[in-house]
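Chemist: Quick one: the structure is below, questions incoming.
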Number of protein chains: 2
Amino acid sequence: MDIQLIKELQERYGITFHDVDILEQAFTHSSYVNEHRNLNLSDNERLEFLGDAVLELLVSQYLYREYPTLPEGKLTKMRAAIVREDSLSMFAKACHFDQYVRLGKGEENSGGRKRPALLCDLFEAFLGALYLDQGTEAVHEFIKKVIFPKVAAGAFSHEMDHKTRLQEVLQKSGDVFIDYRLIKEEGPAHERIFWTEVYVDEKLIGKGQGKSKKLAEQNAAENALSGLQG
Amino acid sequence: MDIQLIKELQERYGITFHDVDILEQAFTHSSYVNEHRNLNLSDNERLEFLGDAVLELLVSQYLYREYPTLPEGKLTKMRAAIVREDSLSMFAKACHFDQYVRLGKGEENSGGRKRPALLCDLFEAFLGALYLDQGTEAVHEFIKKVIFPKVAAGAFSHEMDHKTRLQEVLQKSGDVFIDYRLIKEEGPAHERIFWTEVYVDEKLIGKGQGKSKKLAEQNAAENALSGLQG
């Protein structure tokens, strides 16, 4: 077992595995097993199967709680954006997991260590191993450090439109009344422009314009958001 | 809240909700909410989002433990067979949930109460509500009674395995073209019977029948296998 991995997990995430074999299994790709049949190793694929489901539940629970008014369709889109291959391979790299995975020579030579699908599976396998070793709460603590800060910073919120995001941001500090007001419309029918203002509890927080009322409201919400975050 | 539902959950499954509102929400379809806007109700869609993930984890964990040597690919297939729409709508009916869901009139009149997608969502929403009310272990206890006995009895492995196994057996001697043909279907909608034949490279190797096309194909594969092995 790579002592450096054990050290890094302890130092960065406060994680110490009781069963080091299961940690080792999580970092063992099938190509490595195939090249070392005499060692009778297990690859990380079954752990990946389990970790995938643990991750799905914890992300779902987080989104359900953090976005209490978001409809199911948008929750589903956001969840899909978080647990998809690119995202998980990015998290695997952020945790330096790519440095520790054991690959067969063929896989190594063809660049497997950088392959998103392989890194995504590795990340899930690690979660599966942590789940078996220490239960749901330990996995939750880990992804609270690794994944949720990115979600909170809006890395996956492009799935959400500006009006929805503004509502989510404002409602974190309690119930608010958000009001979009059409101020002006100008121009001939085929190139009409709409001006909108957005108010929260009667205070103006953003202005926008666009070729339809809807687009003007989205623009106002976008401007309000950058005002709030700026 | 339907008192009969509360009674049935207690008597059949020993479940008593602390928060009856969340149980009610689980049994409230969006069509009902739309027809009663003045009541300011919430539909069951967000609960379904959560319940789906809880179910996925518990089924994954069960399969991981029960089938310690099954490779990841087969675990994934079995999980998909268990959590797919038909299966979950069947479980919803077995629990009599179809009797208690609140639907709008349009949905009711168009047969929504029997619609597999609606019943599948209802089942997942119930699991989501139970999870929020009492945590993972309570959901686990429930599906241990409702789902796992069916899995253990082979309701899902059986169904998958014959076709998969037939393919594996035949492919040992090289690539083959396996073709399932629907020969006949008979009887009224509620007790229709399907007849299927399976051909390999245009040669008939097995016949089967069943209450659905799928079951008839599985039966044909099973008969083909015993023919090959006999």
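Chain labels follow the order of the structure tokens: the first chain is A, the next B, and so on; residue numbering restarts at 1 in every chain, and ligands are counted from 1 in their shown order.
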I'd like the contact shell of range 31-34 of chain B - 12 Å cut-off, only C-alpha atoms, skipping same-chain residues fewer than 6 positions apart - returned as a PyMOL selection string.
Modeler: chain B and resi 24-25+40-45+101-110+112-113+118
Chemist: Taking all heavy atoms for each residue, export the selection above as a compact mmCIF listing (two decimals), in the first residue's frame.
Modeler:
```txt
# COMPACT_ATOMS: atom_id res chain seq x y z
N GLU B 24 -48.54 12.89 3.66
CA GLU B 24 -49.60 13.39 2.79
C GLU B 24 -49.02 13.94 1.48
O GLU B 24 -49.53 13.69 0.40
CB GLU B 24 -50.38 14.49 3.51
CG GLU B 24 -51.62 14.91 2.79
CD GLU B 24 -52.58 15.69 3.69
OE1 GLU B 24 -52.23 16.79 4.16
OE2 GLU B 24 -53.67 15.17 3.95
N GLN B 25 -47.90 14.65 1.61
CA GLN B 25 -47.25 15.20 0.42
C GLN B 25 -46.83 14.08 -0.54
O GLN B 25 -46.96 14.21 -1.75
CB GLN B 25 -46.04 16.04 0.83
CG GLN B 25 -45.45 16.82 -0.34
CD GLN B 25 -44.19 17.59 0.04
OE1 GLN B 25 -43.96 17.89 1.22
NE2 GLN B 25 -43.38 17.92 -0.94
N ASN B 40 -52.77 25.65 -1.49
CA ASN B 40 -51.33 25.87 -1.34
C ASN B 40 -50.58 24.59 -0.95
O ASN B 40 -49.76 24.58 -0.01
CB ASN B 40 -51.10 26.97 -0.30
CG ASN B 40 -49.92 27.84 -0.67
OD1 ASN B 40 -49.32 27.65 -1.75
ND2 ASN B 40 -49.56 28.77 0.19
N LEU B 41 -50.87 23.53 -1.67
CA LEU B 41 -50.25 22.23 -1.37
C LEU B 41 -48.92 22.06 -2.09
O LEU B 41 -48.62 22.79 -3.03
CB LEU B 41 -51.19 21.12 -1.83
CG LEU B 41 -52.54 21.04 -1.14
CD1 LEU B 41 -53.49 20.13 -1.92
CD2 LEU B 41 -52.37 20.53 0.29
N SER B 42 -48.12 21.09 -1.65
CA SER B 42 -46.91 20.71 -2.39
C SER B 42 -47.12 19.32 -2.98
O SER B 42 -47.68 18.45 -2.32
CB SER B 42 -45.70 20.65 -1.45
OG SER B 42 -45.46 21.92 -0.90
N ASP B 43 -46.66 19.13 -4.21
CA ASP B 43 -46.79 17.80 -4.81
C ASP B 43 -45.62 16.91 -4.38
O ASP B 43 -44.73 17.34 -3.65
CB ASP B 43 -46.92 17.89 -6.33
CG ASP B 43 -45.65 18.41 -6.99
OD1 ASP B 43 -44.54 18.06 -6.53
OD2 ASP B 43 -45.74 19.17 -7.96
N ASN B 44 -45.63 15.67 -4.85
CA ASN B 44 -44.65 14.68 -4.36
C ASN B 44 -43.36 14.60 -5.18
O ASN B 44 -42.56 13.69 -4.97
CB ASN B 44 -45.31 13.31 -4.26
CG ASN B 44 -45.73 12.74 -5.62
OD1 ASN B 44 -45.45 13.33 -6.66
ND2 ASN B 44 -46.40 11.60 -5.60
N GLU B 45 -43.12 15.55 -6.10
CA GLU B 45 -42.01 15.37 -7.04
C GLU B 45 -40.63 15.51 -6.40
O GLU B 45 -39.71 14.79 -6.77
CB GLU B 45 -42.18 16.31 -8.23
CG GLU B 45 -43.39 15.91 -9.07
CD GLU B 45 -43.64 16.82 -10.26
OE1 GLU B 45 -42.88 17.79 -10.45
OE2 GLU B 45 -44.61 16.56 -11.00
N VAL B 101 -53.35 7.55 -3.49
CA VAL B 101 -52.77 8.75 -4.10
C VAL B 101 -53.87 9.74 -4.50
O VAL B 101 -54.94 9.33 -4.97
CB VAL B 101 -51.87 8.38 -5.31
CG1 VAL B 101 -52.66 7.71 -6.42
CG2 VAL B 101 -51.12 9.59 -5.82
N ARG B 102 -53.60 11.02 -4.23
CA ARG B 102 -54.59 12.06 -4.57
C ARG B 102 -54.29 12.61 -5.97
O ARG B 102 -53.21 13.17 -6.19
CB ARG B 102 -54.51 13.21 -3.55
CG ARG B 102 -54.76 12.73 -2.13
CD ARG B 102 -55.07 13.85 -1.20
NE ARG B 102 -53.92 14.74 -0.99
CZ ARG B 102 -53.94 15.79 -0.19
NH1 ARG B 102 -55.05 16.11 0.46
NH2 ARG B 102 -52.86 16.53 -0.04
N LEU B 103 -55.25 12.45 -6.87
CA LEU B 103 -55.06 12.87 -8.26
C LEU B 103 -56.06 13.97 -8.61
O LEU B 103 -57.13 14.06 -8.02
CB LEU B 103 -55.33 11.69 -9.20
CG LEU B 103 -54.53 10.42 -8.99
CD1 LEU B 103 -55.00 9.35 -9.96
CD2 LEU B 103 -53.05 10.71 -9.18
N GLY B 104 -55.71 14.78 -9.62
CA GLY B 104 -56.68 15.70 -10.19
C GLY B 104 -57.70 14.90 -11.00
O GLY B 104 -57.47 13.74 -11.32
N LYS B 105 -58.81 15.56 -11.32
CA LYS B 105 -59.89 14.83 -12.01
C LYS B 105 -59.46 14.34 -13.39
O LYS B 105 -59.79 13.24 -13.80
CB LYS B 105 -61.12 15.73 -12.15
CG LYS B 105 -61.95 15.72 -10.88
CD LYS B 105 -63.15 16.66 -10.97
CE LYS B 105 -63.71 16.92 -9.57
NZ LYS B 105 -64.40 18.21 -9.49
N GLY B 106 -58.72 15.19 -14.11
CA GLY B 106 -58.29 14.81 -15.46
C GLY B 106 -57.42 13.57 -15.41
O GLY B 106 -57.63 12.61 -16.16
N GLU B 107 -56.46 13.58 -14.49
CA GLU B 107 -55.54 12.45 -14.33
C GLU B 107 -56.32 11.19 -13.93
O GLU B 107 -56.05 10.09 -14.43
CB GLU B 107 -54.50 12.81 -13.26
CG GLU B 107 -53.35 11.84 -13.11
CD GLU B 107 -52.45 11.76 -14.32
OE1 GLU B 107 -51.97 12.81 -14.77
OE2 GLU B 107 -52.23 10.65 -14.84
N GLU B 108 -57.27 11.37 -13.04
CA GLU B 108 -58.09 10.24 -12.57
C GLU B 108 -58.87 9.64 -13.74
O GLU B 108 -58.86 8.42 -13.96
CB GLU B 108 -59.06 10.73 -11.49
CG GLU B 108 -59.90 9.65 -10.84
CD GLU B 108 -59.10 8.81 -9.85
OE1 GLU B 108 -58.95 9.22 -8.68
OE2 GLU B 108 -58.60 7.74 -10.26
N ASN B 109 -59.51 10.52 -14.52
CA ASN B 109 -60.36 10.04 -15.61
C ASN B 109 -59.57 9.39 -16.74
O ASN B 109 -60.09 8.53 -17.44
CB ASN B 109 -61.20 11.19 -16.16
CG ASN B 109 -62.22 11.66 -15.12
OD1 ASN B 109 -62.61 10.90 -14.24
ND2 ASN B 109 -62.63 12.92 -15.23
N SER B 110 -58.30 9.80 -16.87
CA SER B 110 -57.51 9.19 -17.95
C SER B 110 -56.74 7.96 -17.43
O SER B 110 -55.81 7.49 -18.06
CB SER B 110 -56.55 10.22 -18.54
OG SER B 110 -55.60 10.59 -17.57
N GLY B 112 -54.91 7.59 -14.59
CA GLY B 112 -53.64 7.86 -13.92
C GLY B 112 -53.34 6.93 -12.76
O GLY B 112 -52.18 6.59 -12.51
N ARG B 113 -54.38 6.51 -12.09
CA ARG B 113 -54.20 5.65 -10.92
C ARG B 113 -53.60 4.29 -11.26
O ARG B 113 -53.11 3.57 -10.37
CB ARG B 113 -55.57 5.47 -10.25
CG ARG B 113 -55.55 4.98 -8.82
CD ARG B 113 -56.93 5.06 -8.17
NE ARG B 113 -57.34 6.43 -7.91
CZ ARG B 113 -56.97 7.13 -6.84
NH1 ARG B 113 -56.19 6.60 -5.92
NH2 ARG B 113 -57.38 8.37 -6.68
N LEU B 118 -46.64 6.92 -12.94
CA LEU B 118 -47.18 7.63 -11.78
C LEU B 118 -46.99 6.81 -10.51
O LEU B 118 -46.59 7.33 -9.46
CB LEU B 118 -48.66 7.94 -12.03
CG LEU B 118 -49.36 8.86 -11.03
CD1 LEU B 118 -50.48 9.65 -11.73
CD2 LEU B 118 -49.95 8.10 -9.84
```
Chemist: Excluding range 90-96 of chain B and its own-chain neighbours fewer than 2 positions away, which residues fall within 10 Å of it when counting only C-alpha atoms? Please give them as a list in words.
Modeler: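 Returned residues: Leu5, Glu8, Leu9, Arg12, Tyr13, Glu85, Asp86, Ser87, Leu88, Asp98, Gln99, Tyr100, Val101, Arg113, Lys114, Pro116, Leu118, Leu119, Cys120, Asp121, Leu122, Phe123, Glu124, Phe126, Ile143, Val146, Ile147 and Lys150 of chain B.
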Chemist: Keeping only C-alpha atoms, write the selected residues as a PDB file, in the first residue's frame.
Modeler:
```pdb
ATOM      1  CA  LEU B   5     -53.501   4.674   4.851  1.00  0.00           C
ATOM      2  CA  GLU B   8     -52.503   0.151   6.846  1.00  0.00           C
ATOM      3  CA  LEU B   9     -48.911   1.410   7.171  1.00  0.00           C
ATOM      4  CA  ARG B  12     -48.728  -4.100   7.569  1.00  0.00           C
ATOM      5  CA  TYR B  13     -45.318  -2.487   8.035  1.00  0.00           C
ATOM      6  CA  GLU B  85     -40.584   1.675 -13.642  1.00  0.00           C
ATOM      7  CA  ASP B  86     -42.508  -1.620 -14.038  1.00  0.00           C
ATOM      8  CA  SER B  87     -40.950  -3.094 -10.940  1.00  0.00           C
ATOM      9  CA  LEU B  88     -41.556  -0.082  -8.723  1.00  0.00           C
ATOM     10  CA  ASP B  98     -52.514   3.221  -5.761  1.00  0.00           C
ATOM     11  CA  GLN B  99     -55.643   3.360  -3.586  1.00  0.00           C
ATOM     12  CA  TYR B 100     -54.438   6.369  -1.629  1.00  0.00           C
ATOM     13  CA  VAL B 101     -52.769   8.749  -4.100  1.00  0.00           C
ATOM     14  CA  ARG B 113     -54.204   5.646 -10.915  1.00  0.00           C
ATOM     15  CA  LYS B 114     -53.036   2.659 -12.953  1.00  0.00           C
ATOM     16  CA  PRO B 116     -46.881   2.713 -14.138  1.00  0.00           C
ATOM     17  CA  LEU B 118     -47.181   7.633 -11.783  1.00  0.00           C
ATOM     18  CA  LEU B 119     -47.109   4.639  -9.438  1.00  0.00           C
ATOM     19  CA  CYS B 120     -43.331   4.365  -9.724  1.00  0.00           C
ATOM     20  CA  ASP B 121     -42.958   8.048  -8.759  1.00  0.00           C
ATOM     21  CA  LEU B 122     -45.427   7.546  -5.915  1.00  0.00           C
ATOM     22  CA  PHE B 123     -43.421   4.642  -4.544  1.00  0.00           C
ATOM     23  CA  GLU B 124     -40.194   6.655  -4.659  1.00  0.00           C
ATOM     24  CA  PHE B 126     -43.084   7.469  -0.211  1.00  0.00           C
ATOM     25  CA  ILE B 143     -37.815  -2.511   1.571  1.00  0.00           C
ATOM     26  CA  VAL B 146     -41.382  -5.331   0.256  1.00  0.00           C
ATOM     27  CA  ILE B 147     -38.523  -5.669  -2.240  1.00  0.00           C
ATOM     28  CA  LYS B 150     -38.673 -10.805  -4.374  1.00  0.00           C
TER      29      LYS B 150
END
```
Chemist: Hey, can you check how far CA of Arg79 in chain A sits from CA of Tyr131 in chain B?
Modeler: 18.5 Å
Chemist: Chain B residues within 8 Å of chain A, counting only C-alpha atoms: which ones, as a ChimeraX atom specification?
Modeler: /B:45-46,49-50,53-54,56-57,60-61,64,71-72,75-76
Chemist: What is the CA of Gly210 in chain B-CA of Met78 in chain B distance in Å, reported with one decimal?
Modeler: 20.4 Å
Chemist: To test your reading of the structure, identify every residue in range 15-211 of chain B that backbone DSSP assigns to helix (DSSP H, G or I), and report it as a VMD selection string.
Modeler: chain B and resid 20 to 26 30 to 35 37 to 39 45 to 66 72 to 83 85 to 94 97 to 99 105 to 109 112 to 114 116 to 134 136 to 146 148 to 152 157 to 171 189 to 191
Chemist: What does the distance from CA of Phe27 in chain B to CA of Ile82 in chain B come to in Å, to one decimal?
Modeler: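 Going from CA of Phe27 in chain B over to CA of Ile82 in chain B, I get 21.9 Å.
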Chemist: Give me the residues within 10 Å of range 189-200 of chain A as a PyMOL selection string, counting only C-alpha atoms and dropping any in the same chain fewer than 3 places off.
Modeler: chain A and resi 163+167+170+176-186+203-221+223-224
Chemist: Give me a file of those residues, with N, CA, C and O atoms, as a compact mmCIF listing (two decimals), in the first residue's frame.
Modeler:
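Wrote it out as part.txt, contents follow:
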```
# COMPACT_ATOMS: atom_id res chain seq x y z
N LYS A 163 -33.34 33.84 -12.63
CA LYS A 163 -34.44 34.15 -11.70
C LYS A 163 -34.50 33.12 -10.58
O LYS A 163 -34.68 33.46 -9.42
N GLN A 167 -33.77 33.82 -6.53
CA GLN A 167 -34.72 33.42 -5.51
C GLN A 167 -34.05 32.56 -4.44
O GLN A 167 -34.22 32.78 -3.24
N LEU A 170 -31.70 34.73 -2.25
CA LEU A 170 -32.40 35.64 -1.33
C LEU A 170 -33.15 34.89 -0.24
O LEU A 170 -33.23 35.34 0.90
N VAL A 176 -38.82 36.20 1.34
CA VAL A 176 -38.76 37.55 0.77
C VAL A 176 -39.79 37.64 -0.35
O VAL A 176 -40.22 36.62 -0.90
N PHE A 177 -40.17 38.87 -0.69
CA PHE A 177 -41.11 39.07 -1.78
C PHE A 177 -40.36 39.68 -2.96
O PHE A 177 -39.90 40.82 -2.91
N ILE A 178 -40.18 38.90 -4.02
CA ILE A 178 -39.44 39.36 -5.19
C ILE A 178 -40.45 39.76 -6.28
O ILE A 178 -41.37 39.00 -6.57
N ASP A 179 -40.24 40.93 -6.82
CA ASP A 179 -41.22 41.48 -7.74
C ASP A 179 -40.53 42.01 -9.00
O ASP A 179 -39.62 42.84 -8.91
N TYR A 180 -40.93 41.52 -10.17
CA TYR A 180 -40.38 42.03 -11.43
C TYR A 180 -41.37 43.03 -12.02
O TYR A 180 -42.55 42.71 -12.16
N ARG A 181 -40.87 44.25 -12.33
CA ARG A 181 -41.78 45.25 -12.87
C ARG A 181 -41.35 45.69 -14.27
O ARG A 181 -40.20 46.07 -14.46
N LEU A 182 -42.29 45.64 -15.18
CA LEU A 182 -42.04 46.13 -16.53
C LEU A 182 -42.11 47.65 -16.50
O LEU A 182 -43.14 48.23 -16.16
N ILE A 183 -41.00 48.31 -16.85
CA ILE A 183 -40.90 49.75 -16.72
C ILE A 183 -41.23 50.46 -18.03
O ILE A 183 -41.86 51.51 -18.06
N LYS A 184 -40.82 49.84 -19.12
CA LYS A 184 -40.90 50.53 -20.40
C LYS A 184 -40.81 49.50 -21.51
O LYS A 184 -40.16 48.46 -21.35
N GLU A 185 -41.49 49.76 -22.63
CA GLU A 185 -41.24 48.96 -23.83
C GLU A 185 -41.24 49.89 -25.02
O GLU A 185 -42.01 50.84 -25.08
N GLU A 186 -40.36 49.62 -25.95
CA GLU A 186 -40.13 50.55 -27.05
C GLU A 186 -39.84 49.83 -28.36
O GLU A 186 -39.31 48.71 -28.33
N LYS A 203 -37.44 47.10 -2.44
CA LYS A 203 -36.17 47.77 -2.70
C LYS A 203 -35.63 47.34 -4.08
O LYS A 203 -35.57 46.14 -4.37
N LEU A 204 -35.25 48.32 -4.89
CA LEU A 204 -34.72 48.01 -6.22
C LEU A 204 -33.34 47.34 -6.11
O LEU A 204 -32.43 47.90 -5.50
N ILE A 205 -33.18 46.16 -6.70
CA ILE A 205 -31.87 45.49 -6.62
C ILE A 205 -31.27 45.18 -7.98
O ILE A 205 -30.13 44.74 -8.07
N GLY A 206 -32.02 45.41 -9.08
CA GLY A 206 -31.44 45.14 -10.39
C GLY A 206 -32.31 45.64 -11.53
O GLY A 206 -33.53 45.73 -11.41
N LYS A 207 -31.66 45.97 -12.65
CA LYS A 207 -32.37 46.42 -13.85
C LYS A 207 -31.93 45.56 -15.02
O LYS A 207 -30.77 45.13 -15.08
N GLY A 208 -32.84 45.34 -15.97
CA GLY A 208 -32.45 44.56 -17.14
C GLY A 208 -33.26 44.93 -18.36
O GLY A 208 -34.27 45.61 -18.25
N GLN A 209 -32.78 44.49 -19.51
CA GLN A 209 -33.57 44.68 -20.73
C GLN A 209 -33.43 43.46 -21.63
O GLN A 209 -32.52 42.64 -21.46
N GLY A 210 -34.35 43.34 -22.58
CA GLY A 210 -34.28 42.21 -23.48
C GLY A 210 -35.38 42.28 -24.51
O GLY A 210 -36.24 43.15 -24.46
N LYS A 211 -35.37 41.30 -25.44
CA LYS A 211 -36.31 41.32 -26.56
C LYS A 211 -37.68 40.75 -26.20
O LYS A 211 -38.58 40.70 -27.04
N SER A 212 -37.79 40.24 -24.97
CA SER A 212 -39.10 39.81 -24.49
C SER A 212 -39.15 40.14 -23.01
O SER A 212 -38.11 40.42 -22.39
N LYS A 213 -40.35 40.08 -22.44
CA LYS A 213 -40.47 40.33 -20.99
C LYS A 213 -39.61 39.32 -20.22
O LYS A 213 -38.92 39.66 -19.27
N LYS A 214 -39.68 38.06 -20.67
CA LYS A 214 -38.94 37.00 -19.99
C LYS A 214 -37.45 37.25 -19.99
O LYS A 214 -36.77 37.12 -18.96
N LEU A 215 -36.92 37.63 -21.16
CA LEU A 215 -35.49 37.86 -21.26
C LEU A 215 -35.08 39.08 -20.44
O LEU A 215 -34.02 39.08 -19.80
N ALA A 216 -35.93 40.09 -20.41
CA ALA A 216 -35.64 41.29 -19.61
C ALA A 216 -35.59 40.95 -18.13
O ALA A 216 -34.74 41.44 -17.38
N GLU A 217 -36.50 40.08 -17.70
CA GLU A 217 -36.51 39.68 -16.28
C GLU A 217 -35.27 38.85 -15.95
O GLU A 217 -34.66 39.02 -14.89
N GLN A 218 -34.89 37.94 -16.86
CA GLN A 218 -33.67 37.15 -16.64
C GLN A 218 -32.46 38.06 -16.52
O GLN A 218 -31.60 37.86 -15.67
N ASN A 219 -32.41 39.06 -17.37
CA ASN A 219 -31.29 39.99 -17.37
C ASN A 219 -31.26 40.81 -16.07
O ASN A 219 -30.19 41.03 -15.48
N ALA A 220 -32.43 41.23 -15.61
CA ALA A 220 -32.51 41.97 -14.35
C ALA A 220 -32.03 41.09 -13.18
O ALA A 220 -31.28 41.54 -12.30
N ALA A 221 -32.43 39.82 -13.20
CA ALA A 221 -32.03 38.91 -12.12
C ALA A 221 -30.52 38.69 -12.16
O ALA A 221 -29.85 38.67 -11.12
N ASN A 223 -28.25 40.75 -13.29
CA ASN A 223 -27.60 41.96 -12.77
C ASN A 223 -27.74 42.08 -11.26
O ASN A 223 -26.81 42.49 -10.57
N ALA A 224 -28.91 41.71 -10.75
CA ALA A 224 -29.11 41.74 -9.30
C ALA A 224 -28.13 40.80 -8.62
O ALA A 224 -27.51 41.14 -7.60
```
